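Shown next: coords-v4.tsv, given as TSV, C-alpha atoms.
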```tsv
chain	number	residue	atom	x	y	z
A	1	MET	CA	-67.71	32.87	-30.36
A	2	GLN	CA	-63.92	32.89	-30.37
A	3	GLN	CA	-62.68	32.62	-33.94
A	4	ARG	CA	-59.93	30.02	-34.19
A	5	PHE	CA	-59.93	29.89	-37.96
A	6	ASP	CA	-56.82	31.32	-39.60
A	7	ASP	CA	-57.61	33.57	-42.54
A	8	ILE	CA	-54.59	32.88	-44.74
A	9	PRO	CA	-56.35	31.67	-47.93
A	10	GLU	CA	-58.93	34.42	-47.45
A	11	THR	CA	-56.18	37.04	-47.21
A	12	ALA	CA	-54.42	35.72	-50.33
A	13	LEU	CA	-57.69	35.94	-52.27
A	14	GLU	CA	-58.28	39.49	-51.02
A	15	TRP	CA	-54.79	40.58	-52.14
A	16	HIS	CA	-55.27	38.96	-55.55
A	17	ARG	CA	-58.63	40.68	-56.05
A	18	ALA	CA	-57.05	44.00	-55.05
A	19	GLY	CA	-54.60	43.60	-57.91
A	20	LYS	CA	-51.53	43.29	-55.68
A	21	GLY	CA	-50.67	39.76	-56.74
A	22	ALA	CA	-50.48	36.99	-54.16
A	23	ALA	CA	-49.02	33.58	-53.44
A	24	LEU	CA	-49.60	30.84	-50.90
A	25	ALA	CA	-46.56	29.16	-49.36
A	26	THR	CA	-47.29	25.78	-47.74
A	27	VAL	CA	-45.06	23.57	-45.60
A	28	VAL	CA	-45.17	20.27	-47.48
A	29	GLU	CA	-42.50	18.25	-45.67
A	30	THR	CA	-40.45	18.44	-42.49
A	31	TRP	CA	-37.54	16.63	-40.86
A	32	GLY	CA	-36.37	16.95	-37.29
A	33	SER	CA	-37.90	19.54	-34.98
A	34	ALA	CA	-39.33	21.79	-37.67
A	35	PRO	CA	-41.05	24.87	-36.19
A	36	ARG	CA	-44.41	24.44	-37.99
A	37	ARG	CA	-46.33	21.31	-38.93
A	38	VAL	CA	-46.96	20.12	-42.47
A	39	GLY	CA	-49.82	22.11	-43.99
A	40	SER	CA	-48.92	25.38	-42.28
A	41	GLN	CA	-49.31	28.33	-44.63
A	42	LEU	CA	-48.01	31.80	-45.31
A	43	ALA	CA	-49.77	34.24	-47.65
A	44	ILE	CA	-47.53	36.74	-49.46
A	45	SER	CA	-48.67	39.72	-51.51
A	46	GLY	CA	-46.81	41.14	-54.50
A	47	GLU	CA	-46.06	44.13	-52.27
A	48	GLY	CA	-44.36	42.00	-49.62
A	49	GLU	CA	-47.20	41.83	-47.09
A	50	ILE	CA	-47.49	38.55	-45.18
A	51	GLU	CA	-50.08	36.64	-43.15
A	52	GLY	CA	-49.38	33.38	-41.35
A	53	SER	CA	-46.14	31.48	-40.86
A	54	VAL	CA	-44.15	28.54	-42.22
A	55	SER	CA	-41.33	28.50	-39.69
A	56	GLY	CA	-42.16	30.69	-36.72
A	57	GLY	CA	-39.98	33.46	-38.11
A	58	CYS	CA	-36.81	31.52	-39.02
A	59	VAL	CA	-37.04	31.62	-42.83
A	60	GLU	CA	-40.02	33.85	-43.60
A	61	GLY	CA	-37.83	36.59	-45.07
A	62	ALA	CA	-36.29	34.22	-47.60
A	63	VAL	CA	-39.70	32.73	-48.49
A	64	VAL	CA	-41.16	36.19	-49.10
A	65	ALA	CA	-38.33	37.10	-51.50
A	66	GLU	CA	-38.74	33.83	-53.42
A	67	ALA	CA	-42.53	34.21	-53.48
A	68	MET	CA	-42.39	37.72	-54.90
A	69	ASP	CA	-40.19	36.41	-57.72
A	70	ALA	CA	-42.61	33.51	-58.27
A	71	ILE	CA	-45.56	35.93	-58.50
A	72	GLU	CA	-43.74	37.90	-61.20
A	73	GLU	CA	-42.76	34.76	-63.13
A	74	GLY	CA	-46.09	33.00	-62.63
A	75	LYS	CA	-44.48	29.68	-61.74
A	76	PRO	CA	-44.52	27.41	-58.67
A	77	VAL	CA	-41.33	26.93	-56.71
A	78	MET	CA	-40.27	24.32	-54.16
A	79	LEU	CA	-37.96	25.65	-51.44
A	80	GLU	CA	-35.95	23.74	-48.86
A	81	TYR	CA	-34.45	25.22	-45.72
A	82	GLY	CA	-32.45	23.92	-42.83
A	83	VAL	CA	-33.40	25.64	-39.58
A	84	SER	CA	-30.28	25.99	-37.47
A	85	ASP	CA	-30.17	25.05	-33.81
A	86	GLY	CA	-29.70	28.72	-32.93
A	87	ASP	CA	-32.72	29.83	-34.95
A	88	ALA	CA	-34.79	26.98	-33.57
A	89	PHE	CA	-33.86	27.89	-30.00
A	90	ALA	CA	-34.96	31.46	-30.67
A	91	VAL	CA	-38.49	30.26	-31.46
A	92	GLY	CA	-38.64	27.93	-28.48
A	93	LEU	CA	-37.36	24.64	-29.92
A	94	ALA	CA	-34.63	22.46	-28.52
A	95	CYS	CA	-33.01	21.70	-31.87
A	96	GLY	CA	-33.22	22.55	-35.55
A	97	GLY	CA	-34.88	20.82	-38.49
A	98	THR	CA	-35.47	20.99	-42.22
A	99	ILE	CA	-38.58	22.13	-44.08
A	100	ARG	CA	-39.78	22.09	-47.68
A	101	VAL	CA	-42.12	24.84	-48.76
A	102	LEU	CA	-44.26	24.90	-51.92
A	103	VAL	CA	-44.95	28.41	-53.21
A	104	GLU	CA	-47.97	28.80	-55.52
A	105	PRO	CA	-48.84	32.17	-57.09
A	106	ILE	CA	-52.58	32.79	-57.27
A	107	GLY	CA	-54.04	32.86	-60.77
A	108	SER	CA	-51.03	31.69	-62.73
A	109	VAL	CA	-50.53	28.50	-60.68
A	110	MET	CA	-53.36	28.06	-58.16
A	111	PRO	CA	-56.56	28.75	-60.13
A	112	VAL	CA	-58.56	31.64	-58.71
A	113	GLU	CA	-61.74	29.53	-58.94
A	114	VAL	CA	-60.16	26.84	-56.77
A	115	LEU	CA	-59.12	29.40	-54.15
A	116	GLU	CA	-62.61	30.94	-54.21
A	117	ASP	CA	-64.19	27.51	-53.70
A	118	LEU	CA	-61.76	26.81	-50.86
A	119	VAL	CA	-62.66	30.06	-49.13
A	120	LEU	CA	-66.38	29.33	-49.57
A	121	ALA	CA	-65.99	25.80	-48.16
A	122	ARG	CA	-64.12	27.13	-45.13
A	123	GLU	CA	-66.81	29.74	-44.52
A	124	SER	CA	-69.50	27.06	-44.79
A	125	ARG	CA	-67.70	24.63	-42.42
A	126	ILE	CA	-67.29	22.03	-45.18
A	127	PRO	CA	-64.16	19.84	-44.88
A	128	VAL	CA	-62.16	19.88	-48.11
A	129	ALA	CA	-58.76	18.75	-49.33
A	130	TYR	CA	-56.68	20.82	-51.72
A	131	VAL	CA	-54.72	18.45	-53.97
A	132	THR	CA	-51.58	19.98	-55.46
A	133	GLY	CA	-47.89	19.47	-56.27
A	134	MET	CA	-45.25	20.85	-58.63
A	135	GLU	CA	-46.79	19.07	-61.63
A	136	ALA	CA	-50.23	18.13	-60.29
A	137	GLU	CA	-53.61	19.34	-61.48
A	138	ARG	CA	-54.76	21.59	-58.67
A	139	ARG	CA	-58.23	20.75	-57.39
A	140	LEU	CA	-60.49	20.58	-54.35
A	141	VAL	CA	-62.04	17.29	-53.22
A	142	LYS	CA	-64.54	16.49	-50.48
A	143	GLU	CA	-64.26	12.71	-50.65
A	144	GLY	CA	-61.36	10.33	-50.13
A	145	TYR	CA	-58.49	10.71	-47.67
A	146	PRO	CA	-60.60	9.69	-44.61
A	147	GLU	CA	-57.54	9.15	-42.43
A	148	ARG	CA	-56.11	12.54	-43.34
A	149	PHE	CA	-59.40	14.28	-42.55
A	150	ARG	CA	-59.77	12.44	-39.24
A	151	MET	CA	-56.23	13.21	-38.13
A	152	ASP	CA	-56.00	16.74	-39.61
A	153	ARG	CA	-52.92	15.42	-41.42
A	154	SER	CA	-51.74	17.11	-44.61
A	155	GLY	CA	-48.91	15.43	-46.54
A	156	PHE	CA	-47.53	13.80	-49.65
A	157	GLU	CA	-49.17	10.71	-51.06
A	158	GLU	CA	-47.08	7.60	-51.72
A	159	ASP	CA	-46.01	8.88	-55.15
A	160	GLY	CA	-44.02	11.64	-53.44
A	161	GLU	CA	-45.45	14.16	-55.91
A	162	THR	CA	-49.09	14.66	-54.95
A	163	PHE	CA	-49.58	16.85	-51.88
A	164	VAL	CA	-52.89	16.83	-50.02
A	165	ALA	CA	-53.62	19.89	-47.86
A	166	ILE	CA	-56.45	19.26	-45.42
A	167	HIS	CA	-58.75	22.17	-44.60
A	168	ASN	CA	-61.00	21.07	-41.74
A	169	PRO	CA	-63.41	23.44	-40.01
A	170	PRO	CA	-62.42	24.44	-36.47
A	171	LEU	CA	-63.54	22.03	-33.76
A	172	ARG	CA	-66.55	23.01	-31.65
A	173	MET	CA	-67.83	21.66	-28.37
A	174	ILE	CA	-71.48	22.39	-27.59
A	175	ILE	CA	-72.14	21.94	-23.89
A	176	VAL	CA	-75.73	21.67	-22.68
A	177	GLY	CA	-75.89	22.55	-18.99
A	178	ALA	CA	-73.88	25.40	-17.48
A	179	VAL	CA	-73.05	23.34	-14.39
A	180	HIS	CA	-69.90	23.07	-12.27
A	181	ILE	CA	-68.30	20.53	-14.64
A	182	ALA	CA	-68.83	22.96	-17.51
A	183	GLN	CA	-66.88	25.64	-15.64
A	184	ALA	CA	-63.85	23.34	-15.76
A	185	LEU	CA	-64.54	21.87	-19.21
A	186	VAL	CA	-64.89	25.15	-21.11
A	187	PRO	CA	-61.30	26.44	-20.54
A	188	MET	CA	-59.87	22.94	-21.04
A	189	ALA	CA	-61.72	22.57	-24.33
A	190	ARG	CA	-60.43	25.94	-25.49
A	191	ILE	CA	-56.84	24.92	-24.74
A	192	ALA	CA	-57.42	21.71	-26.74
A	193	GLY	CA	-58.48	23.72	-29.79
A	194	TYR	CA	-62.28	23.75	-29.51
A	195	ASP	CA	-64.66	26.68	-29.68
A	196	PRO	CA	-66.82	25.94	-26.62
A	197	LEU	CA	-70.48	26.98	-26.75
A	198	LEU	CA	-72.82	26.81	-23.77
A	199	ILE	CA	-76.58	26.25	-23.88
A	200	ASP	CA	-78.75	26.50	-20.77
A	201	PRO	CA	-82.20	28.08	-20.56
A	202	ARG	CA	-81.63	28.62	-16.82
A	203	GLU	CA	-80.08	32.07	-16.78
A	204	SER	CA	-78.93	31.72	-13.18
A	205	PHE	CA	-76.70	28.83	-14.34
A	206	GLY	CA	-75.60	30.22	-17.70
A	207	SER	CA	-74.63	33.63	-16.41
A	208	GLU	CA	-71.86	35.96	-17.51
A	209	GLU	CA	-70.59	35.94	-13.92
A	210	ARG	CA	-70.07	32.17	-13.94
A	211	PHE	CA	-68.74	32.04	-17.53
A	212	PRO	CA	-67.11	35.41	-18.25
A	213	GLY	CA	-66.52	36.11	-21.92
A	214	GLU	CA	-68.05	32.83	-23.12
A	215	THR	CA	-70.72	32.25	-25.77
A	216	LEU	CA	-73.95	31.57	-23.84
A	217	LEU	CA	-77.35	30.74	-25.27
A	218	HIS	CA	-80.45	30.69	-23.05
A	219	ASP	CA	-82.65	28.91	-25.60
A	220	TRP	CA	-84.20	25.49	-25.13
A	221	PRO	CA	-81.37	23.01	-25.98
A	222	ASP	CA	-82.87	21.62	-29.21
A	223	GLU	CA	-83.35	25.17	-30.51
A	224	GLY	CA	-79.85	26.06	-29.36
A	225	VAL	CA	-78.10	23.23	-31.17
A	226	GLN	CA	-80.11	24.02	-34.30
A	227	ALA	CA	-78.95	27.64	-34.08
A	228	PHE	CA	-75.30	26.64	-33.74
A	229	GLY	CA	-75.54	23.73	-36.19
A	230	LEU	CA	-74.36	20.14	-35.78
A	231	ASP	CA	-71.68	18.76	-38.09
A	232	GLN	CA	-68.82	16.25	-38.18
A	233	ARG	CA	-66.42	18.67	-36.45
A	234	THR	CA	-68.74	19.19	-33.48
A	235	ALA	CA	-68.81	17.41	-30.12
A	236	LEU	CA	-71.98	17.55	-28.01
A	237	VAL	CA	-71.71	17.16	-24.23
A	238	LEU	CA	-74.88	16.91	-22.13
A	239	LEU	CA	-74.41	17.78	-18.46
A	240	THR	CA	-77.80	18.68	-16.97
A	241	HIS	CA	-79.03	15.27	-15.69
A	242	ASP	CA	-82.48	16.55	-16.65
A	243	PRO	CA	-84.21	14.65	-19.49
A	244	LYS	CA	-86.32	17.72	-20.27
A	245	LEU	CA	-83.13	19.58	-21.17
A	246	ASP	CA	-80.79	16.82	-22.36
A	247	ASP	CA	-83.16	14.72	-24.48
A	248	PRO	CA	-84.24	17.38	-27.01
A	249	ALA	CA	-80.60	18.19	-27.83
A	250	LEU	CA	-79.72	14.49	-27.83
A	251	GLU	CA	-82.42	13.71	-30.37
A	252	GLN	CA	-81.06	16.43	-32.66
A	253	ALA	CA	-77.54	15.03	-32.32
A	254	LEU	CA	-78.55	11.44	-33.10
A	255	ALA	CA	-79.99	12.65	-36.41
A	256	SER	CA	-76.74	14.49	-37.26
A	257	ASP	CA	-73.15	13.49	-37.97
A	258	VAL	CA	-71.52	15.04	-34.89
A	259	PHE	CA	-68.36	13.08	-34.12
A	260	TYR	CA	-68.94	12.77	-30.37
A	261	ILE	CA	-71.98	12.63	-28.08
A	262	GLY	CA	-71.41	12.38	-24.34
A	263	ALA	CA	-74.11	12.38	-21.67
A	264	LEU	CA	-73.57	12.74	-17.93
A	265	GLY	CA	-75.27	10.30	-15.58
A	266	SER	CA	-74.86	6.96	-13.85
A	267	THR	CA	-75.25	3.61	-15.58
A	268	ARG	CA	-78.80	3.49	-14.23
A	269	THR	CA	-79.55	7.00	-15.55
A	270	HIS	CA	-78.18	6.03	-18.94
A	271	ALA	CA	-80.33	2.88	-19.05
A	272	LYS	CA	-83.42	5.04	-18.54
A	273	ARG	CA	-82.16	7.38	-21.28
A	274	VAL	CA	-81.77	4.44	-23.66
A	275	ALA	CA	-85.31	3.25	-22.89
A	276	ARG	CA	-86.76	6.71	-23.62
A	277	LEU	CA	-84.95	6.90	-26.95
A	278	GLU	CA	-86.06	3.39	-27.93
A	279	GLU	CA	-89.64	4.43	-27.27
A	280	LYS	CA	-89.14	7.34	-29.66
A	281	GLY	CA	-87.97	4.97	-32.41
A	282	PHE	CA	-84.22	5.47	-32.37
A	283	THR	CA	-82.23	2.42	-33.46
A	284	ALA	CA	-79.67	0.54	-31.40
A	285	ALA	CA	-76.94	1.82	-33.73
A	286	GLN	CA	-78.00	5.43	-33.21
A	287	ILE	CA	-78.28	5.05	-29.44
A	288	GLY	CA	-74.92	3.28	-29.40
A	289	ARG	CA	-73.25	6.53	-30.47
A	290	ILE	CA	-73.92	8.00	-27.03
A	291	HIS	CA	-71.05	7.82	-24.55
A	292	GLY	CA	-72.81	7.43	-21.24
A	293	PRO	CA	-71.75	7.65	-18.53
A	294	VAL	CA	-69.71	10.40	-20.16
A	295	GLY	CA	-65.90	10.39	-20.19
A	296	LEU	CA	-63.12	7.83	-20.01
A	297	ASP	CA	-63.08	5.74	-16.86
A	298	ILE	CA	-60.05	7.27	-15.17
A	299	GLY	CA	-61.48	7.18	-11.64
A	300	ALA	CA	-62.27	10.89	-11.85
A	301	ALA	CA	-63.13	12.58	-8.56
A	302	GLY	CA	-64.69	16.01	-8.75
A	303	PRO	CA	-65.77	18.29	-11.59
A	304	SER	CA	-62.31	19.14	-12.91
A	305	GLU	CA	-61.23	15.52	-13.26
A	306	ILE	CA	-64.55	14.63	-14.88
A	307	ALA	CA	-63.88	17.44	-17.38
A	308	VAL	CA	-60.46	15.89	-18.11
A	309	SER	CA	-62.11	12.51	-18.73
A	310	ILE	CA	-64.68	14.06	-21.10
A	311	LEU	CA	-62.06	15.90	-23.12
A	312	ALA	CA	-59.89	12.78	-23.28
A	313	GLU	CA	-62.78	10.67	-24.54
A	314	ALA	CA	-63.77	13.25	-27.17
A	315	THR	CA	-60.15	13.32	-28.36
A	316	GLN	CA	-59.99	9.53	-28.50
A	317	VAL	CA	-63.16	9.37	-30.62
A	318	LEU	CA	-61.95	12.17	-32.88
A	319	ARG	CA	-58.57	10.62	-33.57
A	320	LYS	CA	-59.26	6.89	-33.29
A	321	GLY	CA	-62.95	6.61	-34.12
A	322	ALA	CA	-65.85	5.64	-31.85
```

What would the structure in this file look like if it were written as structure tokens?
Amino acid sequence: MQQRFDDIPETALEWHRAGKGAALATVVETWGSAPRRVGSQLAISGEGEIEGSVSGGCVEGAVVAEAMDAIEEGKPVMLEYGVSDGDAFAVGLACGGTIRVLVEPIGSVMPVEVLEDLVLARESRIPVAYVTGMEAERRLVKEGYPERFRMDRSGFEEDGETFVAIHNPPLRMIIVGAVHIAQALVPMARIAGYDPLLIDPRESFGSEERFPGETLLHDWPDEGVQAFGLDQRTALVLLTHDPKLDDPALEQALASDVFYIGALGSTRTHAKRVARLEEKGFTAAQIGRIHGPVGLDIGAAGPSEIAVSILAEATQVLRKGA
């Protein structure tokens, strides 16, 4: 599976454990066309090593120098930089902007236990928020901030002092059925930030030749989704048309908290699907989570346009709710 997870907190923890000293620099506010979004991070070691970015290269040098001083002094520091039009153009932006960056040395400011818990949560695909600020008690929370979690939106709370950094697991799209639509959907999903995973017990469909370099599983779909895991950052798309293949995975998904379930088929096919699930005891609310026929109604013609409609619908559900 392609790994889309940055490893910035992990790197900072590694440097701290190695005795080098480390700090995390986080973009906490932006104005104008700032190069990186709020929540972007840069890890800095006491030896000047870096991982990540807060400005696409415009101000990293200055942040590193300030961070190394902060590591020595054991105090947080809030930095503000204006990114000139010239610097912004050099990193591909039309105009400049302003950023504020919070630098937190590990140990003296950000508790090591909090960073360790953050790293563990990220490894376990558990969404967490790191609550911080110049004067705030630094802590991890799993509850609250539903809008921030849903929108992947870090930022200051209304008090202007408390900063909430959202750490969501990477998005995944599990696709059951290595059919023609999947050949278009997989690269589109990757561009949109998903790790696409394909399940199809029919090896002639789910072949390396048809899906070069992709993660393919030839297990029965219910076993496949169990192997990959189903969580709130996962979308499940069923494309086989075959109840023997789709239904086992569908039943697993309805008992999970995946954020999106889409199933290919006509209105008539979906009605039969609903009837089968009702017979198995699934409730109307559970069955209502299924988007079938799959995809937004954009008048799609052909596999590629159907793939566009599926990705658009998954995005709509992710960002706006079902």

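Checking A:Glu223, A:Glu279, A:Glu29, A:Glu73 one by one against A:Val164, counting only C-alpha atoms, you find the shortest gap at A:Glu29.
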
Atomic distance atom CA of A:Ala136 - atom CA of A:Ala62, expressed in Å with one decimal: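 Atom CA of A:Ala136 sits 24.8 Å away from atom CA of A:Ala62.
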
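The two atoms in question, atom CA of A:Glu143 and atom CA of A:Glu123, are spaced 18.3 Å apart.
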
Residue contacts of stretch 199-212 of chain A (9 Å, only C-alpha atoms) excluding same-chain residues fewer than 2 positions away, as a VMD selection string: chain A and resid 174 to 179 183 186 197 214 to 221 224 to 225 240 245

Expected file contents, prior selection, C-alpha atoms, as a PDB file, in the coordinates of the input:
```pdb
ATOM      1  CA  ILE A 174     -71.480  22.390 -27.590  1.00  0.00           C
ATOM      2  CA  ILE A 175     -72.140  21.940 -23.890  1.00  0.00           C
ATOM      3  CA  VAL A 176     -75.730  21.670 -22.680  1.00  0.00           C
ATOM      4  CA  GLY A 177     -75.890  22.550 -18.990  1.00  0.00           C
ATOM      5  CA  ALA A 178     -73.880  25.400 -17.480  1.00  0.00           C
ATOM      6  CA  VAL A 179     -73.050  23.340 -14.390  1.00  0.00           C
ATOM      7  CA  GLN A 183     -66.880  25.640 -15.640  1.00  0.00           C
ATOM      8  CA  VAL A 186     -64.890  25.150 -21.110  1.00  0.00           C
ATOM      9  CA  LEU A 197     -70.480  26.980 -26.750  1.00  0.00           C
ATOM     10  CA  GLU A 214     -68.050  32.830 -23.120  1.00  0.00           C
ATOM     11  CA  THR A 215     -70.720  32.250 -25.770  1.00  0.00           C
ATOM     12  CA  LEU A 216     -73.950  31.570 -23.840  1.00  0.00           C
ATOM     13  CA  LEU A 217     -77.350  30.740 -25.270  1.00  0.00           C
ATOM     14  CA  HIS A 218     -80.450  30.690 -23.050  1.00  0.00           C
ATOM     15  CA  ASP A 219     -82.650  28.910 -25.600  1.00  0.00           C
ATOM     16  CA  TRP A 220     -84.200  25.490 -25.130  1.00  0.00           C
ATOM     17  CA  PRO A 221     -81.370  23.010 -25.980  1.00  0.00           C
ATOM     18  CA  GLY A 224     -79.850  26.060 -29.360  1.00  0.00           C
ATOM     19  CA  VAL A 225     -78.100  23.230 -31.170  1.00  0.00           C
ATOM     20  CA  THR A 240     -77.800  18.680 -16.970  1.00  0.00           C
ATOM     21  CA  LEU A 245     -83.130  19.580 -21.170  1.00  0.00           C
TER      22      LEU A 245
END
```

Counting all atoms listed in the file, the residue of A:Phe228, A:Tyr81, A:Phe282, A:Trp31 that sits nearest A:Leu198: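 With all atoms listed in the file as the atom set, the closest residue is A:Phe228.
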
Polymer residues at most 10 Å from (-61.5, 24.4, -37.8) by all atoms listed in the file, as JSON, numbers by chain: {"A": [3, 4, 5, 6, 122, 125, 126, 127, 152, 167, 168, 169, 170, 171, 172, 193, 194, 195, 233, 234]}

Nearest-residue call for A:Glu72, choices A:Ile191, A:Ile106, A:Ile99, A:Ala18, using all atoms listed in the file: A:Ile106

Between atom CA of A:Glu113 and atom CA of A:Thr30, distance in Å (one decimal):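 Computing the Euclidean distance for atom CA of A:Glu113 and atom CA of A:Thr30 yields 29.1 Å.
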
Within 12 Å of A:Lys272 using only C-alpha atoms, minus same-chain residues under 5 positions, as an NGL selection string: :A and (241-243 or 247 or 265-267 or 277-279 or 292-293)

Quick one: write out the picked residues with C-alpha atoms as an mmCIF file, in the frame of the given file?
```cif
data_model
loop_
_atom_site.group_PDB
_atom_site.id
_atom_site.type_symbol
_atom_site.label_atom_id
_atom_site.label_comp_id
_atom_site.auth_asym_id
_atom_site.auth_seq_id
_atom_site.Cartn_x
_atom_site.Cartn_y
_atom_site.Cartn_z
ATOM 1 C CA HIS A 241 -79.030 15.270 -15.690
ATOM 2 C CA ASP A 242 -82.480 16.550 -16.650
ATOM 3 C CA PRO A 243 -84.210 14.650 -19.490
ATOM 4 C CA ASP A 247 -83.160 14.720 -24.480
ATOM 5 C CA GLY A 265 -75.270 10.300 -15.580
ATOM 6 C CA SER A 266 -74.860 6.960 -13.850
ATOM 7 C CA THR A 267 -75.250 3.610 -15.580
ATOM 8 C CA LEU A 277 -84.950 6.900 -26.950
ATOM 9 C CA GLU A 278 -86.060 3.390 -27.930
ATOM 10 C CA GLU A 279 -89.640 4.430 -27.270
ATOM 11 C CA GLY A 292 -72.810 7.430 -21.240
ATOM 12 C CA PRO A 293 -71.750 7.650 -18.530
#
```

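Distance annotation: of A:Gly262, A:Gly321, A:Gly229, A:Gly133, the residue with the minimal separation from A:Val294 is A:Gly262; atom set is all atoms listed in the file.
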